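Listing of work_28.cif; format and content: mmCIF, C-alpha atoms.
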data_entry
loop_
_atom_site.label_atom_id
_atom_site.label_comp_id
_atom_site.auth_asym_id
_atom_site.auth_seq_id
_atom_site.Cartn_x
_atom_site.Cartn_y
_atom_site.Cartn_z
CA MET A 262 -18.53 236.51 95.46
CA SER A 263 -17.87 233.69 97.91
CA ALA A 264 -19.96 232.92 100.98
CA VAL A 265 -18.09 233.25 104.29
CA LEU A 266 -18.31 230.23 106.59
CA VAL A 267 -17.63 230.10 110.30
CA LYS A 268 -16.56 227.04 112.25
CA GLY A 269 -19.18 224.26 112.02
CA GLN A 270 -21.19 226.00 109.30
CA ASN A 271 -21.93 224.24 105.99
CA GLY A 272 -23.22 225.07 102.53
CA PRO A 273 -24.44 223.13 99.47
CA LEU A 274 -22.31 222.35 96.43
CA SER A 275 -24.09 222.62 93.10
CA VAL A 276 -21.13 221.97 90.76
CA ASN A 277 -19.15 218.79 90.16
CA GLU A 278 -15.63 220.15 89.50
CA LEU A 279 -14.11 221.89 92.52
CA VAL A 280 -10.81 223.41 93.64
CA ILE A 281 -9.73 223.60 97.31
CA SER A 282 -6.99 226.13 98.06
CA VAL A 283 -5.43 227.54 101.23
CA GLU A 284 -3.62 230.70 102.26
CA VAL A 285 -1.03 230.25 105.01
CA ALA A 286 1.53 232.76 106.31
CA ALA A 287 4.30 230.12 106.37
CA PRO A 288 5.38 227.19 104.15
CA ALA A 289 2.74 224.46 104.44
CA ASP A 290 1.48 221.30 102.74
CA LEU A 291 -2.10 220.60 101.69
CA SER A 292 -3.37 217.01 101.67
CA ALA A 293 -6.67 215.11 101.55
CA LEU A 294 -8.09 212.06 103.30
CA LEU A 295 -10.96 210.16 101.65
CA VAL A 296 -12.82 208.41 104.45
CA THR A 297 -15.70 205.97 104.81
CA PRO A 298 -18.63 206.36 107.27
CA ALA A 299 -16.31 204.76 109.87
CA GLY A 300 -13.96 207.77 109.55
CA THR A 301 -11.06 205.80 108.06
CA VAL A 302 -9.53 205.32 104.64
CA ARG A 303 -10.11 202.09 102.74
CA SER A 304 -6.38 201.84 101.92
CA ASP A 305 -3.34 204.08 101.63
CA ALA A 306 -4.54 205.01 98.13
CA ASP A 307 -7.21 207.21 99.77
CA PHE A 308 -4.51 209.54 101.17
CA VAL A 309 -3.57 212.28 98.67
CA PHE A 310 -0.40 214.22 99.57
CA PHE A 311 2.97 215.37 98.20
CA ASN A 312 4.30 211.85 97.63
CA GLN A 313 1.02 210.45 96.28
CA PRO A 314 -0.61 213.36 94.45
CA ALA A 315 -3.55 211.48 92.93
CA GLY A 316 -6.40 209.51 94.48
CA PRO A 317 -9.92 208.50 93.47
CA GLY A 318 -11.53 211.73 92.24
CA VAL A 319 -8.86 213.97 93.84
CA THR A 320 -5.55 215.37 92.55
CA LEU A 321 -2.95 217.54 94.30
CA ARG A 322 -1.56 220.15 91.90
CA PRO A 323 1.09 222.87 92.32
CA GLY A 324 -0.34 226.25 93.23
CA ALA A 325 0.59 229.66 91.86
CA PRO A 326 4.21 230.82 92.41
CA GLY A 327 4.77 231.30 96.14
CA ALA A 328 1.43 229.69 97.06
CA SER A 329 0.53 226.29 98.49
CA ALA A 330 -0.63 223.42 96.31
CA VAL A 331 -4.34 223.02 95.50
CA LEU A 332 -6.70 220.04 95.48
CA THR A 333 -8.83 219.53 92.39
CA VAL A 334 -11.92 217.41 93.04
CA ALA A 335 -14.34 215.64 90.70
CA LEU A 336 -17.26 214.74 92.97
CA ASP A 337 -18.77 212.23 90.52
CA ALA A 338 -15.48 210.29 90.47
CA ILE A 339 -15.31 209.77 94.24
CA PRO A 340 -16.27 206.14 95.02
CA ALA A 341 -19.71 205.55 96.51
CA ASP A 342 -18.33 204.10 99.74
CA ILE A 343 -16.40 207.32 100.47
CA GLU A 344 -18.51 209.66 102.60
CA GLN A 345 -16.14 212.57 103.28
CA LEU A 346 -13.10 214.32 101.84
CA ARG A 347 -11.10 216.01 104.60
CA ALA A 348 -8.65 218.76 103.57
CA VAL A 349 -5.64 219.01 105.90
CA ILE A 350 -3.06 221.82 106.27
CA THR A 351 0.34 220.90 107.74
CA LEU A 352 3.08 223.44 108.51
CA ASP A 353 6.45 222.48 107.05
CA ASP A 354 8.11 223.42 110.34
CA ALA A 355 6.92 220.78 112.80
CA ASN A 356 8.14 223.01 115.66
CA GLY A 357 6.03 225.93 114.48
CA SER A 358 2.38 226.57 115.28
CA PHE A 359 -0.60 228.31 113.75
CA GLY A 360 -0.88 230.42 116.89
CA GLN A 361 2.31 232.22 115.85
CA LEU A 362 0.80 233.17 112.46
CA SER A 363 -2.14 235.08 111.10
CA ALA A 364 -5.18 232.81 110.75
CA PRO A 365 -4.98 230.50 107.71
CA VAL A 366 -7.77 230.66 105.13
CA ALA A 367 -9.33 227.74 103.24
CA ARG A 368 -11.35 228.31 100.06
CA VAL A 369 -13.60 226.22 97.83
CA GLY A 370 -14.11 227.32 94.23
CA ASP A 371 -15.28 225.88 90.94
CA ALA A 372 -13.09 224.84 88.01
CA ALA A 373 -13.68 228.18 86.26
CA GLY A 374 -12.09 230.07 89.15
CA ASN A 375 -15.27 231.33 90.78
CA ALA A 376 -15.10 231.44 94.57
CA LEU A 377 -17.87 229.53 96.38
CA TYR A 378 -16.89 229.42 100.07
CA GLU A 379 -14.21 230.98 102.25
CA TYR A 380 -13.30 229.97 105.80
CA ARG A 381 -10.84 231.88 108.01
CA ILE A 382 -9.64 229.37 110.62
CA GLU A 383 -9.57 231.28 113.91
CA GLY A 384 -8.74 230.06 117.40
CA LEU A 385 -5.68 227.88 116.67
CA SER A 386 -2.80 228.00 119.15
CA THR A 387 -0.06 225.36 119.50
CA GLU A 388 -1.17 223.13 116.62
CA SER A 389 0.93 222.70 113.48
CA ILE A 390 -1.78 220.63 111.72
CA VAL A 391 -5.44 221.45 111.11
CA ILE A 392 -8.31 219.69 109.36
CA ALA A 393 -9.45 222.81 107.55
CA LEU A 394 -12.71 221.75 105.93
CA GLU A 395 -14.50 218.76 104.52
CA LEU A 396 -16.74 217.89 101.60
CA TYR A 397 -19.40 215.36 102.59
CA ARG A 398 -22.44 213.56 101.17
CA ARG A 399 -25.91 214.56 102.33
CA GLN A 400 -29.22 213.29 100.87
CA GLY A 401 -27.78 212.43 97.46
CA GLY A 402 -25.76 215.64 97.13
CA TRP A 403 -22.55 217.17 98.47
CA LYS A 404 -21.91 219.94 100.98
CA ALA A 405 -18.87 221.85 102.27
CA ARG A 406 -18.34 222.29 106.01
CA ALA A 407 -15.90 224.50 107.94
CA VAL A 408 -14.09 222.24 110.41
CA GLY A 409 -11.01 224.01 111.82
CA GLN A 410 -10.00 221.09 114.03
CA GLY A 411 -6.41 221.51 115.19
CA TYR A 412 -4.41 218.33 115.64
CA ALA A 413 -1.67 218.15 118.29
CA GLY A 414 -0.48 214.57 117.73
CA GLY A 415 1.67 215.21 114.64
CA PHE A 416 1.08 214.46 110.98
CA ALA A 417 1.89 210.76 111.25
CA ALA A 418 -0.54 210.44 114.17
CA LEU A 419 -3.32 212.17 112.25
CA VAL A 420 -3.11 209.94 109.20
CA THR A 421 -2.62 206.84 111.36
CA ASP A 422 -5.83 207.69 113.21
CA HIS A 423 -7.52 207.70 109.81
CA GLY A 424 -6.21 204.22 108.98
CA VAL A 425 -3.15 205.11 106.89
CA ARG A 426 -0.16 202.83 107.46
CA VAL A 427 2.94 204.84 108.27
CA ASP A 428 6.61 203.95 108.50
CA ASP A 429 8.24 207.29 109.19
CA ALA A 430 11.62 206.01 110.37
CA PRO A 431 14.63 207.60 108.62
CA GLN A 432 16.33 205.45 106.04
CA ALA A 433 19.87 204.36 106.70
CA ALA A 434 22.48 206.36 104.87
CA PRO A 435 24.11 204.45 102.01
CA GLN A 436 27.48 202.90 102.74
CA PRO A 437 30.45 204.25 100.79
CA ALA A 438 32.67 202.06 98.68
CA ALA A 439 35.41 200.28 100.59
CA PRO A 440 38.46 202.56 100.81
CA GLU A 441 41.81 201.46 99.47
CA PRO A 442 44.17 200.07 102.15
CA GLN A 443 45.79 202.88 104.07
CA PRO A 444 48.50 203.10 106.71
CA ALA A 445 47.26 202.85 110.30
CA PRO A 446 46.03 206.20 111.62
CA GLU A 447 48.45 208.22 113.65
CA GLN A 448 47.68 210.63 116.44
CA PHE A 449 49.14 214.13 116.28
CA VAL A 450 51.43 214.83 119.23
CA PRO A 451 52.42 218.54 119.20
CA GLN A 452 56.12 219.27 119.32
CA PRO A 453 57.73 222.07 121.36
CA ALA A 454 57.93 225.30 119.41
CA PRO A 455 60.26 228.28 119.73
CA GLU A 456 59.13 231.28 121.77
CA GLN A 457 58.40 233.46 118.73
CA PHE A 458 55.72 230.88 117.70
CA ALA A 459 53.12 232.63 119.86
CA PRO A 460 49.40 233.06 119.25
CA GLN A 461 48.18 236.44 118.04
CA PRO A 462 46.40 238.24 120.88
CA GLU A 463 43.63 239.79 118.76
CA GLN A 464 40.07 238.62 119.30
CA PHE A 465 37.57 237.59 116.65
CA ALA A 466 34.62 240.01 116.55
CA PRO A 467 32.08 239.28 113.80
CA ALA A 468 29.28 241.62 112.77
CA THR A 469 26.22 241.57 115.01
CA GLY A 470 22.47 241.61 114.51
CA GLY A 471 19.89 239.33 112.90
CA TYR A 472 20.92 236.29 110.88
CA PRO A 473 23.50 234.94 111.33
CA PRO A 474 23.73 235.06 115.13
CA PRO A 475 26.85 236.87 116.36
CA LEU A 476 29.67 234.75 117.73
CA PRO A 477 30.95 235.51 121.22
CA PRO A 478 34.56 236.72 121.53
CA LEU A 479 37.02 233.89 121.27
CA PRO A 480 38.55 232.76 124.55
CA PRO A 481 42.17 233.64 125.31
CA THR A 482 44.69 231.43 123.58
CA GLY A 483 46.02 228.47 125.50
CA ASP A 484 49.48 227.13 126.10
CA TYR A 485 51.30 225.34 123.30
CA PRO A 486 52.15 222.52 123.56
CA PRO A 487 49.68 221.12 126.15
CA PRO A 488 51.04 220.06 129.55
CA PRO A 489 52.82 216.69 129.50
CA PRO A 490 51.20 213.65 131.18
CA PRO A 491 52.33 212.52 134.64
CA PRO A 492 55.60 210.57 134.71
CA GLY A 493 55.24 207.01 133.50
CA GLN A 494 51.90 207.63 131.74
CA PRO A 495 51.56 207.97 127.96
CA ALA A 496 49.77 210.96 126.48
CA ALA A 497 46.05 210.37 125.90
CA GLY A 498 45.38 208.88 122.48
CA TYR A 499 49.10 208.41 121.79
CA ALA A 500 50.07 206.04 119.00
CA PRO A 501 53.62 205.26 117.86
CA PRO A 502 54.61 207.70 115.08
CA GLN A 503 54.32 206.47 111.52
CA ALA A 504 55.27 208.22 108.30
CA ASP A 505 52.43 210.23 106.79
CA ARG A 506 51.65 209.46 103.17
CA ASP A 507 52.16 211.96 100.36
CA LEU A 508 49.28 212.53 97.96
CA PRO A 509 49.45 210.02 95.10
CA ASN A 510 49.77 211.33 91.57
CA GLY A 511 46.88 210.73 89.19
CA HIS A 512 44.13 209.77 91.64
CA ALA A 513 42.48 210.81 94.88
CA VAL A 514 43.04 208.97 98.12
CA SER A 515 40.00 207.75 100.07
CA LEU A 516 40.60 208.50 103.73
CA VAL A 517 39.48 206.61 106.82
CA LYS A 518 38.78 208.22 110.18
CA GLY A 519 41.99 209.40 111.87
CA GLN A 520 44.20 208.95 108.79
CA ARG A 521 46.75 211.65 107.98
CA ILE A 522 48.32 212.73 104.71
CA ASN A 523 50.95 215.29 103.76
CA LEU A 524 49.75 218.20 101.59
CA ARG A 525 52.32 217.56 98.91
CA LYS A 526 52.37 215.38 95.82
CA GLU A 527 54.51 212.26 95.61
CA GLY A 528 57.99 213.41 94.62
CA GLY A 529 56.77 217.00 94.29
CA ALA A 530 56.53 220.28 96.10
CA ALA A 531 54.08 221.06 98.88
CA LEU A 532 50.69 222.40 97.88
CA SER A 533 50.04 226.06 98.50
CA TYR A 534 46.45 226.78 97.39
CA VAL A 535 43.72 224.26 98.12
CA LYS A 536 39.95 224.14 98.49
CA MET A 537 37.94 222.20 101.06
CA GLY A 538 34.58 221.07 99.70
CA LEU A 539 31.92 219.84 102.11
CA GLY A 540 28.71 218.13 101.09
CA TRP A 541 25.67 216.27 102.35
CA ASP A 542 22.27 215.07 101.20
CA PRO A 543 19.02 215.16 103.18
CA VAL A 544 17.70 211.69 104.05
CA LYS A 545 14.19 211.16 102.66
CA ARG A 546 11.51 210.01 105.06
CA GLY A 547 10.71 206.33 105.04
CA GLY A 548 7.45 204.54 104.23
CA ILE A 549 4.59 206.44 102.64
CA PHE A 550 6.34 209.76 103.25
CA GLY A 551 9.41 208.69 101.25
CA GLY A 552 9.27 211.41 98.59
CA LYS A 553 9.93 214.50 100.70
CA ALA A 554 13.33 215.15 102.24
CA VAL A 555 13.87 216.88 105.55
CA ASP A 556 14.87 220.52 105.05
CA VAL A 557 18.29 220.56 106.73
CA ASP A 558 20.42 223.72 106.86
CA LEU A 559 24.05 222.81 107.54
CA ASP A 560 26.87 225.32 107.75
CA ALA A 561 30.53 224.66 107.03
CA SER A 562 33.08 226.68 109.00
CA VAL A 563 36.80 226.68 109.69
CA VAL A 564 38.26 227.63 113.07
CA LEU A 565 41.88 228.82 113.15
CA PHE A 566 43.98 227.86 116.16
CA ALA A 567 47.34 229.06 117.42
CA GLY A 568 48.41 226.17 119.57
CA HIS A 569 45.27 225.32 121.54
CA GLY A 570 43.81 228.82 121.38
CA PRO A 571 41.21 229.81 118.72
CA VAL A 572 42.10 233.11 117.03
CA ASP A 573 39.68 233.38 114.08
CA VAL A 574 36.56 231.80 112.59
CA VAL A 575 35.50 231.80 108.94
CA TYR A 576 31.80 230.98 108.56
CA TYR A 577 28.58 232.13 106.83
CA GLY A 578 28.59 235.40 108.82
CA SER A 579 32.26 236.25 108.29
CA LEU A 580 33.42 234.91 104.93
CA ASN A 581 37.11 235.91 105.09
CA SER A 582 39.86 235.32 107.63
CA LYS A 583 41.58 238.37 109.12
CA ASP A 584 44.84 237.58 107.35
CA GLY A 585 43.07 237.11 103.99
CA SER A 586 44.26 233.52 103.58
CA ILE A 587 40.85 231.81 103.82
CA ARG A 588 37.61 232.56 101.97
CA HIS A 589 34.19 230.96 102.45
CA GLN A 590 32.21 230.74 99.20
CA GLY A 591 28.79 231.25 100.82
CA ASP A 592 25.92 229.52 102.61
CA ASN A 593 23.82 226.61 101.31
CA LEU A 594 20.46 226.37 103.11
CA THR A 595 19.25 222.90 102.08
CA GLY A 596 22.01 220.52 100.92
CA GLU A 597 20.08 219.88 97.69
CA GLY A 598 21.91 219.52 94.37
CA GLU A 599 24.99 217.80 93.04
CA GLY A 600 28.57 218.52 94.03
CA ASP A 601 29.90 220.41 97.04
CA ASP A 602 27.29 222.20 99.14
CA GLU A 603 29.80 224.64 100.62
CA GLU A 604 33.41 225.41 99.74
CA ILE A 605 36.24 227.04 101.65
CA SER A 606 39.38 228.17 99.79
CA VAL A 607 42.71 228.19 101.62
CA ASP A 608 45.94 229.94 100.58
CA LEU A 609 48.37 228.06 102.80
CA ALA A 610 51.26 230.42 101.99
CA ARG A 611 49.35 233.44 103.41
CA ILE A 612 48.26 231.91 106.71
CA SER A 613 49.65 233.79 109.71
CA PRO A 614 52.83 232.14 111.04
CA SER A 615 51.22 231.81 114.48
CA VAL A 616 48.36 229.62 113.20
CA THR A 617 49.01 225.91 113.69
CA THR A 618 45.66 224.26 112.90
CA LEU A 619 42.65 224.81 110.65
CA LEU A 620 39.70 222.78 111.96
CA PHE A 621 36.86 222.25 109.48
CA ILE A 622 33.47 221.75 111.11
CA VAL A 623 29.83 221.45 110.05
CA THR A 624 26.94 222.60 112.28
CA SER A 625 23.18 222.18 111.90
CA TYR A 626 21.52 225.61 112.14
CA LYS A 627 17.96 224.26 112.69
CA GLY A 628 19.06 221.55 115.13
CA HIS A 629 18.62 218.51 112.86
CA THR A 630 21.04 215.70 113.64
CA PHE A 631 23.33 213.88 111.24
CA GLU A 632 20.96 210.91 111.51
CA GLN A 633 18.81 212.85 109.01
CA LEU A 634 21.67 213.17 106.50
CA ALA A 635 23.33 210.91 103.97
CA ASN A 636 26.65 211.09 102.12
CA ALA A 637 28.25 213.66 104.42
CA TYR A 638 31.81 214.17 103.18
CA CYS A 639 34.73 216.54 102.95
CA ARG A 640 37.16 216.57 100.06
CA LEU A 641 40.45 218.29 99.37
CA VAL A 642 40.85 219.89 95.94
CA ASP A 643 43.95 221.34 94.26
CA SER A 644 42.77 224.84 93.33
CA ALA A 645 45.36 225.12 90.55
CA THR A 646 44.00 222.12 88.60
CA ASN A 647 40.60 221.61 90.28
CA ALA A 648 41.61 217.96 90.77
CA GLU A 649 40.32 216.09 93.81
CA LEU A 650 43.22 215.00 96.00
CA ALA A 651 41.53 213.26 98.93
CA ARG A 652 38.02 212.48 100.19
CA PHE A 653 36.61 211.45 103.56
CA THR A 654 33.02 210.14 103.64
CA LEU A 655 30.98 209.46 106.78
CA ALA A 656 29.02 206.20 106.76
CA GLY A 657 25.69 206.29 108.57
CA GLY A 658 24.19 208.99 110.75
CA MET A 659 25.13 210.19 114.22
CA PRO A 660 22.93 211.79 116.92
CA PHE A 661 24.85 215.09 116.85
CA THR A 662 24.14 218.58 115.50
CA GLY A 663 27.83 219.33 114.91
CA MET A 664 30.67 217.44 113.29
CA ALA A 665 34.44 217.93 113.14
CA MET A 666 35.16 216.74 109.61
CA GLY A 667 38.93 217.20 109.38
CA LYS A 668 41.85 219.46 110.11
CA MET A 669 44.92 220.90 108.42
CA PHE A 670 47.87 221.36 110.76
CA ARG A 671 51.62 221.90 110.83
CA PRO A 672 53.65 220.44 113.67
CA ALA A 673 56.17 223.30 113.71
CA PRO A 674 56.67 226.74 112.12
CA GLY A 675 57.69 226.41 108.49
CA ALA A 676 56.83 222.70 108.34
CA ASP A 677 54.65 221.24 105.59
CA TRP A 678 50.93 221.21 106.18
CA LYS A 679 49.18 217.92 106.81
CA PHE A 680 45.53 216.91 106.68
CA GLN A 681 43.76 214.50 109.05
CA ALA A 682 40.25 213.05 108.71
CA ILE A 683 38.30 213.26 112.00
CA GLY A 684 34.57 212.52 111.66
CA GLU A 685 33.65 213.08 115.33
CA GLY A 686 30.40 214.63 116.58
CA PHE A 687 29.39 217.21 119.16
CA GLN A 688 26.29 219.28 119.99
CA ALA A 689 26.22 222.77 118.44
CA LYS A 690 23.88 224.60 116.08
CA HIS A 691 26.34 227.30 114.99
CA PRO A 692 30.08 228.02 115.24
CA GLY A 693 29.69 230.14 118.38
CA GLU A 694 28.45 227.08 120.26
CA ALA A 695 31.08 224.85 118.66
CA VAL A 696 34.32 226.74 119.39
CA PRO A 697 34.49 225.97 123.17
CA GLN A 698 34.15 222.22 122.40
CA LEU A 699 36.90 221.85 119.80
CA ALA A 700 40.08 221.63 121.89
CA ARG A 701 39.84 217.82 122.04
CA PHE A 702 40.31 217.60 118.27
CA LEU A 703 43.69 219.33 118.39
#
Kindly return the structure encoded in the file as C-alpha cells.
Amino acid sequence: MSAVLVKGQNGPLSVNELVISVEVAAPADLSALLVTPAGTVRSDADFVFFNQPAGPGVTLRPGAPGASAVLTVALDAIPADIEQLRAVITLDDANGSFGQLSAPVARVGDAAGNALYEYRIEGLSTESIVIALELYRRQGGWKARAVGQGYAGGFAALVTDHGVRVDDAPQAAPQPAAPEPQPAPEQFVPQPAPEQFAPQPEQFAPATGGYPPPLPPLPPTGDYPPPPPPPGQPAAGYAPPQADRDLPNGHAVSLVKGQRINLRKEGGAALSYVKMGLGWDPVKRGGIFGGKAVDVDLDASVVLFAGHGPVDVVYYGSLNSKDGSIRHQGDNLTGEGEGDDEEISVDLARISPSVTTLLFIVTSYKGHTFEQLANAYCRLVDSATNAELARFTLAGGMPFTGMAMGKMFRPAPGADWKFQAIGEGFQAKHPGEAVPQLARFL
C-alpha cells in the first residue's frame, strides 16, 4: 500500500528502479527536467519529453491504453552533478486549466508495480502546467517530495526558466510545385436572369443541441443580380471577360487563385457527378518541440446560394442538402493521415434550379489559424472514374480561422457549371459564423 503525501511532504526511496505515473481527467503530457543545484539543466539533453523520450537515467514510455505516459527512472544512472528530477504535467489544451478538472494524482512506484507514494495535487486553479513532484538527493540517498507548484507562464516559459533552449515558432508551410501556365483569372460578373430564376424561400434549420453547435436561420435571400455600379464606374473587381478553360483530358490542372475552369472535359460533355476533396496537415512545432503537431480540428462545408441569398448549408451537423444533391462524407477531427481529410459529393444534375453557387469553405472549430496548417488544398474529382480533375493548393499560412477555398457556379439557368479557386480568409470557427461573411465571394 502506498504512503499518501501532502504538499511539501517527502519520503525516502529505498529502491533503485522507479516508475512515475500520473492520473489526469483530461489529455496531458508528462515530462521530466534533470537539474543541477543551480536549478537548471546542463543541456537540452536533460529535458525528457514527447519529442526526446530518453535522458540520462530517465525514459518516457507509453502508458496503459487511455492513460498518460510514464517515466521510468534508474537512480544509479543519473549523473552525479544532477541533484533533482522534476516531473511535470502539462495539459494538451493550453486554454484549459486544472481548476476545471478533478485534482490530478501523481504516483511513485517500483519496477515490480508496487506503489510507494501517492500525491493528490489540490489547490490548482488557472494553471495548465504543474511541477507535480520531484526526486532529489539527500545525504547520499534519494527522496521523493510532493511539490504541486502550478506554472502560469506556459510550457515554453517553464522549460526556458530551467535552462532549456526553445524555438517554438511555427515552421513555414512547404511551397507547392510551380503550377502550369494558366489563363489570367477572370472575375465572375452575374448576368440578368429570368423572373422564374428565383431563390427558394425555405429556411435552413439544422438539428439543435450539443456538438455540433446549431446554425442560426439563414438570412432572407438577396436580389440577383446585385445592383449595378454608378454610371461611369466599373463594377468592383471587374476584369475583361476571357474564355474559361475546359478540363484537359488525361491529367489534372493545377489552379491558381482566382482561376476558373468549365466543369466539362475537352471536346466532351459536361460533368454531372463530382466530388470535392479538402485536405490539410497540422504544422509541427519548431525547435525542440518539433515532434508534436498542433491538434487542429477543421471542418469542410458547402453553402448553397440562390443569387446572393444563402438557402442551405451542408456541414458536419447536417450531412445532406435538402434537395438530396450534396452529401458530406463526415467529420475529420485532426487532419492526420494521407489523402483527403473531408469529402463532399455533388450531383450537379439534381441541384435545385434556383441554386446558382456552391461555396466550399473550411472553418477551424477550436480557433486555430491557418498559420498552424500546411498543404491546405481542395481538389475536384470525377466520381465516375475517381480521377482528379483539378487541384488548388494554398502556399503558406494565413491569420484566419476560416477560408473560402473555391466555388462552383452557373451564370444562368441551364448553363454549364464552372469552378473557381478562391483561397481567401475570414474569421469564423463554424459555418454559422461564416455564412454572413460570404457574400463578397459571390
Shell of 9 Å around Arg671 (chain A), only C-alpha atoms, local chain residues under 3 positions omitted, as number ranges by chain: A: 616-618, 674-680
CA of Leu609 (chain A) to CA of Gly540 (chain A), distance in Å rounded to a single decimal: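 Computed distance, CA of Leu609 (chain A) to CA of Gly540 (chain A), equals 22.1 Å.
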Residue among A:Val283, A:Val696, A:Val517, A:Leu295 lying closest to Thr351 (chain A), counting only C-alpha atoms: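 The shortest atom-to-atom distance to Thr351 (chain A) comes from A:Val283.
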Spatial sel., origin (-10.6, 227.2, 98.1), limit 8 Å, only C-alpha atoms, listed as a PyMOL selection string: chain A and resi 280-283+331+367-370+376-379
The PyMOL selection byres ((chain A and resi 510) around 8) applied to the shown file, residues as a list in words: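 Output of the PyMOL selection byres ((chain A and resi 510) around 8): Leu508, Pro509, Gly511, His512, Lys526 and Glu527 of chain A.
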Proximity to Arg611 (chain A) - best of A:Val535, A:Leu266, A:Ala561, A:Val366, all atoms listed in the file: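 Of A:Val535, A:Leu266, A:Ala561, A:Val366, the one nearest Arg611 (chain A), counting all atoms listed in the file, is A:Val535.
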Two-atom distance - CA of Leu352 (chain A), CA of Ile390 (chain A) (Å):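 We find that CA of Leu352 (chain A) and CA of Ile390 (chain A) lie 6.5 Å from each other.
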For region 621-632 of chain A: contacts at 8 Å, all atoms listed in the file, fewer than 5 positions along chain excluded, given as a PyMOL selection string: chain A and resi 431+557-564+657-668+689-692+695
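What separates CA of Leu539 (chain A) from CA of Asp354 (chain A) is a distance of 25.4 Å.
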Selection: 7 Å around Asn636 (chain A), only C-alpha atoms, excl. self and same-chain fewer than 4 positions, as a PyMOL selection string: chain A and resi 434+541-542+654-655
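Among the candidates A:Gly424, A:Pro571, A:Gly585, A:Gly684, the one nearest to Gly519 (chain A) when counting only C-alpha atoms is A:Gly684.
Distances from A:Ser644, A:Gln698, A:Ser615, A:Ser363 to Leu532 (chain A) were compared using only C-alpha atoms, and the smallest one belongs to A:Ser644.
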Of the listed residues A:Trp403, A:Phe566, A:Tyr380, A:Tyr412, that which approaches Pro697 (chain A) most closely, counting all atoms listed in the file: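 Comparing A:Trp403, A:Phe566, A:Tyr380, A:Tyr412 against Pro697 (chain A), the winner is A:Phe566.
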Explicit residues for the PyMOL selection byres ((chain A and resi 364) around 10) (as an NGL selection string): :A and (284-286 or 359-363 or 365-367 or 380-386)
How big is the axis-aligned box around the listed atoms of region 524-539 of chain A once 8 Å is added on each side, and where is its centre? Give both in Å to one decimal, as AutoDock Vina command-line options.
--center_x 45.0 --center_y 219.5 --center_z 98.2 --size_x 42.1 --size_y 30.5 --size_z 23.8
